[in-house]
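Structure below is run_19.csv: CSV, C-alpha atoms and all ligand atoms.
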chain,number,residue,atom,x,y,z
A,21,MET,CA,-59.5,-9.2,42.0
A,22,SER,CA,-59.9,-5.9,43.9
A,23,ASN,CA,-61.5,-3.2,41.9
A,24,ALA,CA,-60.9,0.4,42.9
A,25,SER,CA,-63.3,1.9,40.4
A,26,ALA,CA,-66.1,0.0,42.2
A,27,GLY,CA,-64.8,-0.1,45.8
A,28,GLY,CA,-62.1,2.6,46.0
A,29,ALA,CA,-59.0,0.8,47.2
A,30,ARG,CA,-56.8,3.4,48.7
A,31,ALA,CA,-53.3,2.4,47.6
A,32,ALA,CA,-49.9,3.9,48.5
A,33,TYR,CA,-46.7,3.3,46.5
A,34,VAL,CA,-43.7,3.9,48.6
A,35,TYR,CA,-40.8,5.2,46.5
A,36,SER,CA,-38.1,7.7,45.8
A,37,ASP,CA,-35.2,7.5,43.3
A,38,GLN,CA,-32.9,7.4,46.3
A,39,LEU,CA,-33.8,3.7,46.7
A,40,ALA,CA,-32.6,2.9,43.2
A,41,ARG,CA,-29.2,4.6,43.4
A,42,HIS,CA,-27.0,2.3,45.4
A,43,SER,CA,-25.1,-0.5,43.8
A,44,TYR,CA,-23.9,-3.9,45.1
A,45,GLY,CA,-21.3,-3.9,42.3
A,46,ASP,CA,-21.5,-4.4,38.5
A,47,ALA,CA,-21.3,-8.2,38.6
A,48,HIS,CA,-23.8,-8.6,41.4
A,49,PRO,CA,-27.3,-10.0,40.4
A,50,MET,CA,-29.1,-7.6,42.7
A,51,LYS,CA,-29.6,-4.3,40.8
A,52,PRO,CA,-31.5,-1.6,42.8
A,53,ILE,CA,-32.1,0.2,39.5
A,54,ARG,CA,-34.9,-2.3,38.9
A,55,LEU,CA,-36.9,-0.3,41.4
A,56,GLN,CA,-36.6,2.8,39.1
A,57,TYR,CA,-37.7,0.8,36.0
A,58,THR,CA,-40.7,-0.6,37.9
A,59,PHE,CA,-41.8,2.9,39.1
A,60,GLU,CA,-41.3,4.4,35.6
A,61,LEU,CA,-43.4,1.6,34.0
A,62,ALA,CA,-46.2,1.9,36.6
A,63,ARG,CA,-46.3,5.7,36.1
A,64,ALA,CA,-46.2,5.5,32.3
A,65,ALA,CA,-49.0,2.9,32.3
A,66,GLY,CA,-51.2,5.2,34.4
A,67,PHE,CA,-51.2,2.9,37.4
A,68,LEU,CA,-50.3,5.7,39.8
A,69,ASN,CA,-53.1,8.0,38.6
A,70,GLY,CA,-56.2,8.6,40.6
A,71,GLY,CA,-57.4,10.3,43.8
A,72,ASP,CA,-57.1,7.2,45.9
A,73,ILE,CA,-53.5,6.5,44.9
A,74,GLN,CA,-50.5,8.2,46.3
A,75,VAL,CA,-46.7,7.9,45.8
A,76,ILE,CA,-45.1,8.5,49.2
A,77,ALA,CA,-41.3,8.9,49.8
A,78,PRO,CA,-39.8,6.6,52.4
A,79,ARG,CA,-38.0,7.7,55.5
A,80,PRO,CA,-35.0,5.9,57.0
A,81,ALA,CA,-35.7,3.3,59.8
A,82,THR,CA,-34.6,4.6,63.2
A,83,LEU,CA,-31.9,2.8,65.2
A,84,GLU,CA,-34.6,1.8,67.6
A,85,GLU,CA,-36.6,0.2,64.8
A,86,LEU,CA,-33.6,-1.7,63.5
A,87,ALA,CA,-33.1,-3.0,67.0
A,88,LEU,CA,-36.5,-4.6,67.0
A,89,PHE,CA,-34.7,-7.6,65.4
A,90,HIS,CA,-31.0,-6.8,64.9
A,91,ASP,CA,-28.3,-6.7,67.6
A,92,PRO,CA,-27.0,-3.2,68.3
A,93,GLU,CA,-23.5,-4.5,67.7
A,94,TYR,CA,-24.4,-5.7,64.1
A,95,ILE,CA,-26.2,-2.4,63.4
A,96,ALA,CA,-23.0,-0.5,64.4
A,97,GLN,CA,-20.9,-2.8,62.2
A,98,VAL,CA,-23.1,-2.2,59.1
A,99,LYS,CA,-22.7,1.5,59.7
A,100,SER,CA,-19.0,1.3,60.1
A,101,ILE,CA,-18.3,-1.0,57.1
A,102,GLY,CA,-20.6,1.1,54.9
A,103,GLU,CA,-18.3,4.0,55.7
A,104,GLY,CA,-15.4,2.0,54.4
A,105,ARG,CA,-13.9,0.9,57.7
A,106,PHE,CA,-12.8,-2.7,57.1
A,107,THR,CA,-11.2,-4.5,60.0
A,108,GLY,CA,-11.6,-8.1,58.9
A,109,GLU,CA,-14.4,-8.5,61.5
A,110,GLU,CA,-17.1,-8.0,58.8
A,111,ILE,CA,-16.7,-11.6,57.6
A,112,ALA,CA,-18.2,-12.7,60.9
A,113,TYR,CA,-21.3,-10.7,60.1
A,114,GLY,CA,-21.8,-12.2,56.7
A,115,PHE,CA,-20.1,-9.4,54.6
A,116,GLY,CA,-17.4,-9.9,52.1
A,117,PRO,CA,-16.9,-10.8,48.4
A,118,GLY,CA,-19.9,-12.8,47.1
A,119,ASP,CA,-23.5,-12.4,48.1
A,120,ASN,CA,-23.1,-9.6,50.6
A,121,PRO,CA,-20.4,-7.1,49.5
A,122,ALA,CA,-19.8,-4.1,51.7
A,123,TYR,CA,-20.1,-0.8,49.7
A,124,PRO,CA,-20.2,2.9,50.4
A,125,GLY,CA,-23.7,4.1,51.6
A,126,MET,CA,-24.8,0.6,52.5
A,127,PHE,CA,-26.2,1.6,55.9
A,128,GLU,CA,-28.1,4.5,54.5
A,129,ALA,CA,-29.5,2.5,51.5
A,130,HIS,CA,-30.7,-0.4,53.7
A,131,SER,CA,-32.1,1.9,56.5
A,132,LEU,CA,-34.1,3.6,53.8
A,133,ALA,CA,-35.4,0.4,52.3
A,134,SER,CA,-36.4,-0.8,55.8
A,135,GLY,CA,-37.9,2.6,56.7
A,136,GLY,CA,-40.1,2.3,53.6
A,137,THR,CA,-41.6,-0.9,54.9
A,138,MET,CA,-42.1,0.7,58.4
A,139,LEU,CA,-43.9,3.6,56.6
A,140,ALA,CA,-46.0,1.2,54.5
A,141,ALA,CA,-47.1,-0.5,57.8
A,142,GLU,CA,-47.9,2.8,59.4
A,143,LEU,CA,-50.0,3.9,56.4
A,144,VAL,CA,-52.0,0.7,56.5
A,145,ALA,CA,-52.3,0.3,60.3
A,146,SER,CA,-53.6,3.8,60.7
A,147,GLY,CA,-56.4,3.1,58.2
A,148,ARG,CA,-55.2,5.9,55.8
A,149,PHE,CA,-54.6,3.3,53.0
A,150,GLN,CA,-56.0,-0.3,52.6
A,151,VAL,CA,-52.8,-1.3,50.9
A,152,ALA,CA,-49.2,0.0,50.7
A,153,PHE,CA,-46.5,-1.4,48.5
A,154,ASN,CA,-42.7,-0.9,49.2
A,155,PRO,CA,-41.0,-2.6,46.3
A,156,ALA,CA,-37.6,-1.9,47.9
A,157,GLY,CA,-38.5,-4.1,50.9
A,158,GLY,CA,-38.9,-7.8,51.4
A,159,LEU,CA,-35.3,-8.5,52.4
A,160,HIS,CA,-36.3,-11.7,54.1
A,161,HIS,CA,-32.9,-13.5,54.6
A,162,ALA,CA,-31.3,-11.0,57.0
A,163,LEU,CA,-30.6,-12.4,60.5
A,164,PRO,CA,-30.2,-10.7,63.9
A,165,ARG,CA,-26.4,-10.6,63.6
A,166,ARG,CA,-25.8,-11.5,60.0
A,167,ALA,CA,-26.3,-10.3,56.4
A,168,SER,CA,-27.5,-13.1,54.1
A,169,GLY,CA,-28.7,-13.6,50.6
A,170,PHE,CA,-28.3,-9.9,49.6
A,171,CYS,CA,-30.3,-8.8,52.7
A,172,VAL,CA,-28.8,-6.5,55.4
A,173,PHE,CA,-31.8,-5.6,57.5
A,174,ASN,CA,-34.9,-7.7,57.7
A,175,ASP,CA,-37.7,-5.2,57.1
A,176,PRO,CA,-40.6,-7.7,57.2
A,177,VAL,CA,-39.6,-8.8,60.7
A,178,LEU,CA,-39.1,-5.1,61.9
A,179,ALA,CA,-42.5,-4.0,60.6
A,180,ILE,CA,-44.4,-7.0,61.8
A,181,ARG,CA,-42.8,-6.8,65.3
A,182,LYS,CA,-44.1,-3.2,65.5
A,183,LEU,CA,-47.6,-4.3,64.4
A,184,VAL,CA,-47.6,-7.2,66.9
A,185,ALA,CA,-46.6,-4.7,69.7
A,186,GLN,CA,-49.8,-2.8,68.8
A,187,GLY,CA,-51.8,-6.0,69.4
A,188,MET,CA,-52.3,-7.1,65.8
A,189,ARG,CA,-52.1,-10.6,64.6
A,190,VAL,CA,-50.4,-10.9,61.2
A,191,VAL,CA,-50.1,-13.4,58.4
A,192,TYR,CA,-46.9,-13.2,56.4
A,193,VAL,CA,-47.0,-14.7,53.0
A,194,ASP,CA,-43.7,-15.0,51.1
A,195,ILE,CA,-43.9,-16.0,47.4
A,196,ASP,CA,-40.2,-15.3,46.6
A,197,CYS,CA,-38.5,-18.3,45.0
A,198,HIS,CA,-36.2,-18.6,48.0
A,199,HIS,CA,-37.4,-19.7,51.4
A,200,GLY,CA,-38.2,-16.8,53.7
A,201,ASP,CA,-35.8,-18.1,56.4
A,202,GLY,CA,-35.1,-14.9,58.3
A,203,VAL,CA,-38.7,-14.0,58.8
A,204,GLN,CA,-39.6,-17.6,59.8
A,205,HIS,CA,-36.7,-17.3,62.3
A,206,GLY,CA,-38.1,-14.1,63.7
A,207,PHE,CA,-41.5,-15.6,64.6
A,208,TYR,CA,-40.7,-19.3,65.0
A,209,ASP,CA,-42.1,-19.5,68.5
A,210,SER,CA,-45.0,-17.0,68.1
A,211,ASP,CA,-48.7,-17.7,67.6
A,212,GLN,CA,-49.3,-14.1,66.9
A,213,VAL,CA,-47.7,-14.3,63.4
A,214,MET,CA,-48.3,-17.1,60.9
A,215,THR,CA,-45.5,-17.3,58.3
A,216,ILE,CA,-46.2,-19.0,55.0
A,217,SER,CA,-43.4,-19.4,52.5
A,218,VAL,CA,-44.0,-20.9,49.0
A,219,HIS,CA,-40.6,-21.5,47.4
A,220,GLU,CA,-38.3,-23.7,45.4
A,221,SER,CA,-37.3,-26.6,47.6
A,222,GLY,CA,-34.1,-26.1,49.7
A,223,ARG,CA,-32.8,-29.3,48.1
A,224,PHE,CA,-32.1,-27.3,45.0
A,225,LEU,CA,-31.7,-23.7,46.1
A,226,PHE,CA,-30.3,-21.3,48.7
A,227,PRO,CA,-30.8,-21.1,51.7
A,228,GLY,CA,-31.5,-24.8,51.8
A,229,THR,CA,-34.2,-24.6,54.5
A,230,GLY,CA,-38.0,-24.4,54.2
A,231,ASP,CA,-39.0,-28.1,54.5
A,232,VAL,CA,-42.7,-28.9,55.3
A,233,THR,CA,-41.5,-30.3,58.7
A,234,GLU,CA,-40.4,-26.8,59.9
A,235,ILE,CA,-43.7,-26.0,61.6
A,236,GLY,CA,-42.6,-23.8,64.5
A,237,VAL,CA,-41.8,-24.5,68.2
A,238,GLY,CA,-43.6,-23.9,71.6
A,239,ARG,CA,-46.5,-21.6,71.2
A,240,GLY,CA,-45.5,-21.1,67.6
A,241,GLU,CA,-46.0,-24.8,66.7
A,242,GLY,CA,-48.2,-25.0,63.6
A,243,TYR,CA,-47.8,-21.3,62.8
A,244,SER,CA,-44.8,-21.8,60.5
A,245,ILE,CA,-45.9,-23.1,57.1
A,246,ASN,CA,-43.6,-24.1,54.2
A,247,LEU,CA,-44.6,-25.2,50.8
A,248,PRO,CA,-41.6,-26.4,48.8
A,249,LEU,CA,-41.9,-26.9,45.1
A,250,ALA,CA,-39.6,-28.4,42.5
A,251,PRO,CA,-37.5,-26.8,39.8
A,252,TYR,CA,-39.5,-26.3,36.6
A,253,THR,CA,-42.7,-25.6,38.5
A,254,ASP,CA,-45.0,-23.7,36.1
A,255,ASP,CA,-48.0,-21.4,36.5
A,256,LEU,CA,-50.6,-24.1,36.6
A,257,ILE,CA,-48.9,-26.4,39.2
A,258,TYR,CA,-48.0,-23.3,41.3
A,259,ALA,CA,-51.6,-22.0,41.3
A,260,ALA,CA,-53.1,-25.3,42.3
A,261,SER,CA,-50.6,-25.8,45.1
A,262,PHE,CA,-51.0,-22.2,46.4
A,263,ASP,CA,-54.8,-22.6,46.3
A,264,ALA,CA,-54.7,-25.8,48.3
A,265,ILE,CA,-52.7,-24.3,51.2
A,266,VAL,CA,-52.6,-20.5,51.4
A,267,PRO,CA,-56.2,-19.2,51.4
A,268,PRO,CA,-57.6,-21.8,53.8
A,269,LEU,CA,-54.9,-21.2,56.4
A,270,ILE,CA,-55.2,-17.4,56.2
A,271,ARG,CA,-59.0,-17.6,56.5
A,272,ALA,CA,-58.7,-20.0,59.5
A,273,PHE,CA,-56.1,-17.7,61.2
A,274,LYS,CA,-58.2,-14.5,60.6
A,275,PRO,CA,-55.4,-12.0,60.7
A,276,ASP,CA,-55.7,-8.3,61.4
A,277,VAL,CA,-53.1,-7.6,58.7
A,278,LEU,CA,-51.9,-9.4,55.7
A,279,PHE,CA,-48.2,-8.8,55.0
A,280,THR,CA,-46.8,-10.2,51.7
A,281,GLN,CA,-43.3,-10.5,50.3
A,282,LEU,CA,-43.7,-10.5,46.5
A,283,GLY,CA,-40.3,-11.7,45.2
A,284,ILE,CA,-40.5,-12.3,41.5
A,285,ASP,CA,-37.5,-14.6,41.1
A,286,THR,CA,-39.9,-17.4,40.4
A,287,HIS,CA,-40.0,-16.1,36.9
A,288,MET,CA,-38.9,-18.3,34.0
A,289,GLY,CA,-36.3,-15.8,32.9
A,290,ASP,CA,-34.7,-15.5,36.3
A,291,PRO,CA,-30.9,-16.2,36.1
A,292,ILE,CA,-30.4,-17.5,39.6
A,293,THR,CA,-33.4,-19.8,40.2
A,294,HIS,CA,-35.2,-22.7,38.4
A,295,MET,CA,-39.0,-22.2,38.5
A,296,ARG,CA,-40.9,-21.4,35.4
A,297,LEU,CA,-43.6,-18.8,36.3
A,298,SER,CA,-44.7,-16.1,33.9
A,299,THR,CA,-45.5,-12.5,34.8
A,300,GLN,CA,-49.2,-13.4,34.4
A,301,GLY,CA,-48.9,-16.4,36.7
A,302,PHE,CA,-47.2,-14.2,39.3
A,303,THR,CA,-49.9,-11.5,38.9
A,304,ASP,CA,-52.7,-14.1,39.3
A,305,THR,CA,-51.2,-15.0,42.7
A,306,VAL,CA,-51.0,-11.4,43.7
A,307,ALA,CA,-54.7,-11.0,42.8
A,308,LYS,CA,-55.5,-13.9,45.1
A,309,LEU,CA,-53.5,-12.2,47.9
A,310,ALA,CA,-55.4,-9.0,47.1
A,311,GLN,CA,-58.7,-10.8,47.7
A,312,LEU,CA,-57.4,-12.1,51.0
A,313,GLY,CA,-56.0,-8.7,52.0
A,314,GLY,CA,-59.3,-7.2,51.1
A,315,GLU,CA,-61.0,-9.6,53.5
A,316,CYS,CA,-58.9,-8.6,56.4
A,317,GLY,CA,-58.9,-4.9,55.4
A,318,ARG,CA,-55.2,-4.3,55.8
A,319,TRP,CA,-52.5,-5.3,53.3
A,320,ILE,CA,-48.8,-4.4,53.4
A,321,ALA,CA,-46.8,-5.6,50.3
A,322,THR,CA,-43.1,-5.5,49.7
A,323,GLY,CA,-40.8,-6.6,46.9
A,324,GLY,CA,-38.1,-9.1,47.3
A,325,GLY,CA,-35.9,-11.1,44.9
A,326,GLY,CA,-36.1,-10.7,41.2
A,327,TYR,CA,-33.1,-10.7,38.9
A,328,ASP,CA,-34.6,-10.6,35.4
A,329,MET,CA,-34.9,-6.9,35.1
A,330,SER,CA,-37.7,-6.9,32.6
A,331,ALA,CA,-39.8,-9.4,34.5
A,332,VAL,CA,-39.3,-7.4,37.7
A,333,ALA,CA,-40.5,-4.1,36.2
A,334,ARG,CA,-43.4,-5.7,34.4
A,335,GLY,CA,-44.5,-8.0,37.3
A,336,TRP,CA,-44.3,-5.4,40.0
A,337,ALA,CA,-46.0,-2.8,38.0
A,338,MET,CA,-48.8,-5.4,37.3
A,339,ALA,CA,-48.8,-6.2,41.1
A,340,PHE,CA,-49.4,-2.5,41.9
A,341,ALA,CA,-52.1,-2.3,39.2
A,342,VAL,CA,-53.9,-5.1,41.0
A,343,MET,CA,-53.5,-3.3,44.4
A,344,ALA,CA,-54.9,-0.1,43.0
A,345,GLY,CA,-57.7,-1.8,41.0
A,346,LYS,CA,-56.4,-0.7,37.6
A,347,GLN,CA,-56.9,-2.5,34.3
A,348,ILE,CA,-53.7,-3.9,32.9
A,349,PRO,CA,-53.3,-3.2,29.2
A,350,SER,CA,-51.7,-5.8,26.9
A,351,ARG,CA,-48.8,-3.6,25.7
A,352,LEU,CA,-46.2,-1.6,27.6
A,353,PRO,CA,-46.6,2.2,27.0
A,354,GLU,CA,-44.6,3.4,23.9
A,355,SER,CA,-42.9,6.0,26.1
A,356,TYR,CA,-41.5,3.5,28.5
A,357,ARG,CA,-37.7,2.8,28.1
A,358,GLY,CA,-36.8,-0.1,30.3
A,359,PRO,CA,-34.5,-3.0,30.2
A,360,ASP,CA,-34.6,-5.3,27.2
A,361,GLY,CA,-37.5,-7.7,27.2
A,362,PRO,CA,-41.0,-8.2,25.9
A,363,ARG,CA,-43.1,-5.1,25.0
A,364,THR,CA,-46.2,-6.8,26.6
A,365,PHE,CA,-47.0,-7.1,30.3
A,366,ALA,CA,-47.7,-10.8,30.0
A,367,ASP,CA,-45.1,-13.2,28.7
A,368,ALA,CA,-45.5,-15.2,25.6
A,369,PRO,CA,-46.3,-18.9,26.5
A,370,ASP,CA,-43.3,-20.8,27.8
A,371,MET,CA,-42.0,-23.9,25.9
A,372,PRO,CA,-44.0,-26.9,27.0
A,373,LEU,CA,-42.2,-29.1,29.6
A,374,ASN,CA,-41.2,-32.6,28.7
A,375,PRO,CA,-44.2,-34.6,30.0
A,376,ASP,CA,-42.1,-36.9,32.2
A,377,ILE,CA,-40.5,-34.0,33.9
A,378,ARG,CA,-43.8,-32.3,34.3
A,379,ARG,CA,-45.2,-35.4,36.0
A,380,GLU,CA,-42.3,-35.4,38.5
A,381,VAL,CA,-42.8,-31.7,39.2
A,382,GLN,CA,-46.5,-32.3,39.8
A,383,ALA,CA,-45.8,-35.2,42.0
A,384,PHE,CA,-43.4,-33.1,44.1
A,385,ALA,CA,-46.0,-30.4,44.6
A,386,ASP,CA,-48.7,-33.0,45.5
A,387,ARG,CA,-46.5,-34.5,48.1
A,388,SER,CA,-45.7,-31.2,49.7
A,389,VAL,CA,-49.4,-30.2,49.8
A,390,GLU,CA,-50.4,-33.6,51.3
A,391,ASP,CA,-47.7,-33.6,53.9
A,392,LEU,CA,-48.4,-30.0,54.9
A,393,ARG,CA,-52.1,-30.7,55.3
A,394,LYS,CA,-51.4,-33.6,57.5
A,395,LEU,CA,-49.0,-31.6,59.6
A,396,THR,CA,-50.8,-28.4,60.1
A,397,PHE,CA,-54.5,-28.3,58.9
A,398,ARG,CA,-56.1,-30.1,61.9
A,399,ARG,CA,-54.8,-27.5,64.3
A,400,PHE,CA,-57.0,-24.9,62.5
A,401,GLY,CA,-60.1,-27.1,62.2
A,402,LEU,CA,-59.5,-27.7,58.5
B,501,ZN,ZN,-35.3,-14.8,46.2
In structure tokens, what does this structure look like?
Amino acid sequence: MSNASAGGARAAYVYSDQLARHSYGDAHPMKPIRLQYTFELARAAGFLNGGDIQVIAPRPATLEELALFHDPEYIAQVKSIGEGRFTGEEIAYGFGPGDNPAYPGMFEAHSLASGGTMLAAELVASGRFQVAFNPAGGLHHALPRRASGFCVFNDPVLAIRKLVAQGMRVVYVDIDCHHGDGVQHGFYDSDQVMTISVHESGRFLFPGTGDVTEIGVGRGEGYSINLPLAPYTDDLIYAASFDAIVPPLIRAFKPDVLFTQLGIDTHMGDPITHMRLSTQGFTDTVAKLAQLGGECGRWIATGGGGYDMSAVARGWAMAFAVMAGKQIPSRLPESYRGPDGPRTFADAPDMPLNPDIRREVQAFADRSVEDLRKLTFRRFGL
């Protein structure tokens, strides 16, 4: 784990309350207010204190930046529907009742979330900070002409494209419970960016993709890595599978920058997924990414999915504590008033899984790891 008190990790937290104010609608699982809870918890716990740590407000992404991945026609549509002009055409761009409702201020909210990630990338690329965290980013499903899975603009692709244009090689690691399909799509034929997605198998969960056999095309062949896991995957099975695949590939690729999408919808309390991680299991993974980010010297981190509000606030506050090298206390600060949930950062131990089910979950993970090694490791001398 990184340790700021010893090494002085310069860490930026990209945030303003503006990011938490928009709403997808009361019945929608994506609640931007979770970003405010996360920030308030990190602040109350003292994770934002210290000379090497700064909270920096985001700026909106420019139209030119949005066009690094999205069609100008789509960008114009997002703007127009966000202003309440509905023509019926919005359905063709993925908007409508359901996952991607159109709402007032949508363009501004999503430009700001994307701009936060562009800023995080600038802060790290310039050497001002070793790590920058934009919890509002990580909207990994958005496609060039289509909103998907609550995502309007694909900030990871936009920021990584800008880094690649500056000559940098990037590893993107996505630990969201859902496959990082939009980001994979953005770099499927590139050998400058390795995308690694660890997720619940598409056989059981949206968006249905992310099989081990999706390894990239052309120059990008071998640079797209997918590690699908079964429903009920717990901390232990997750950790062993992650360790077998992610660190060796990153070290073999030797990136200039590590970019991570830290979705926390793998949590056992998440209402729309089926994995069984705890906040501690999530944070252990973030600590491994911190080690890898430390090795390459530049680490950009974003949020992503996460629909159990207490788990989001606790898990992402813990993630930033890891980035900034802060000790995580056992109890939440008394002054913190967040969503209902445990008053400790770590979760109480989960109910033990039925042994037969656990064997199946383990076998599923072992199969994915073995297939992936066969398909991709030799290319990197592993
Ligand atoms: Zn997700």
Neighbours of ligand ZN 501 (chain B) within 8 Å, counting all atoms listed in the file, as a PyMOL selection string? chain A and resi 196-199+283-286+324-326
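Those residues that approach Leu83 in chain A to within 9 Å, counting all atoms listed in the file, are Pro92, Ile95 and Ser131 of chain A; same-chain residues fewer than 6 positions away are not listed.
Nearest residue to Pro267 in chain A among A:Gly236, A:Pro49, A:Gly102, A:Gly313 is A:Gly313, counting all atoms listed in the file.
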If you measure from CA of Phe400 in chain A to CA of Phe153 in chain A, what distance in Å do you get, rounded to one decimal?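 Distance between the two atoms: 29.3 Å.
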Please build the interface table for range 225-277 of chain A against range 359-382 of chain A with a cut-off of 7 Å, listing for each qualifying residue the nearest atom pair and the distance in Å to one decimal; count all atoms listed in the file, order rows by chain and increasing number, and write it as CSV.
residue,atom,partner,partner_atom,distance
A:Ala250,CA,A:Val381,CA,5.7
A:Tyr252,CA,A:Val381,CA,6.8
A:Thr253,CA,A:Val381,CA,6.1
A:Ile257,CA,A:Gln382,CA,6.4
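The shortest atom-to-atom distance to Ile111 in chain A, with only C-alpha atoms taken into account, belongs to A:Ser168 out of A:Ser146, A:Ser261, A:Thr58, A:Ser168.
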Compare A:Ile270, A:Ala96, A:Leu297, A:Leu86 by their minimum atom-to-atom distance to Met138 in chain A, counting only C-alpha atoms, and give me the closest one.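 Smallest distance to Met138 in chain A is found for A:Leu86.
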Here is a test: counting all atoms listed in the file, which residue of A:Pro349, A:Gly70, A:Gly118, A:Pro176 is nearest to Val193 in chain A? A:Pro176
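If you measure from each of A:Gly104, A:Pro121, A:Gly323, A:Gly238 to Ala47 in chain A using all atoms listed in the file, the closest one turns out to be A:Pro121.
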With all atoms listed in the file as the basis for distance, which of A:Tyr258, A:Phe207, A:Tyr57, A:Phe226 is at the shortest distance from Glu241 in chain A?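 Using all atoms listed in the file, the shortest distance to Glu241 in chain A belongs to A:Phe207.
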What lies within 12 Å of Gln56 in chain A using only C-alpha atoms, ignoring chain neighbours under 5 positions off, as a list in words?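 These residues fall inside the cut-off: Val34, Tyr35, Ser36, Asp37, Gln38, Leu39, Ala40, Arg41, His42, Lys51, Leu61, Ala62, Arg63, Pro155, Ala156, Met329, Ser330, Val332, Ala333, Arg334, Trp336, Ala337, Tyr356, Arg357, Gly358 and Pro359 of chain A.
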Would you list the contacts of Val177 in chain A as a PyMOL selection string, taking every protein, DNA or RNA residue within 7 Å and counting all atoms listed in the file, but skipping same-chain residues closer than 6 positions in sequence? chain A and resi 89+203+206
Give me the residues within 10 Å of Leu312 in chain A as a list of chain:residue names, counting only C-alpha atoms and dropping any in the same chain fewer than 6 places off.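 Result of the neighbour search: A:Met21, A:Ser22, A:Val266, A:Pro267, A:Ile270, A:Arg271, A:Lys274, A:Pro275, A:Val277, A:Leu278, A:Val306, A:Arg318, A:Trp319.
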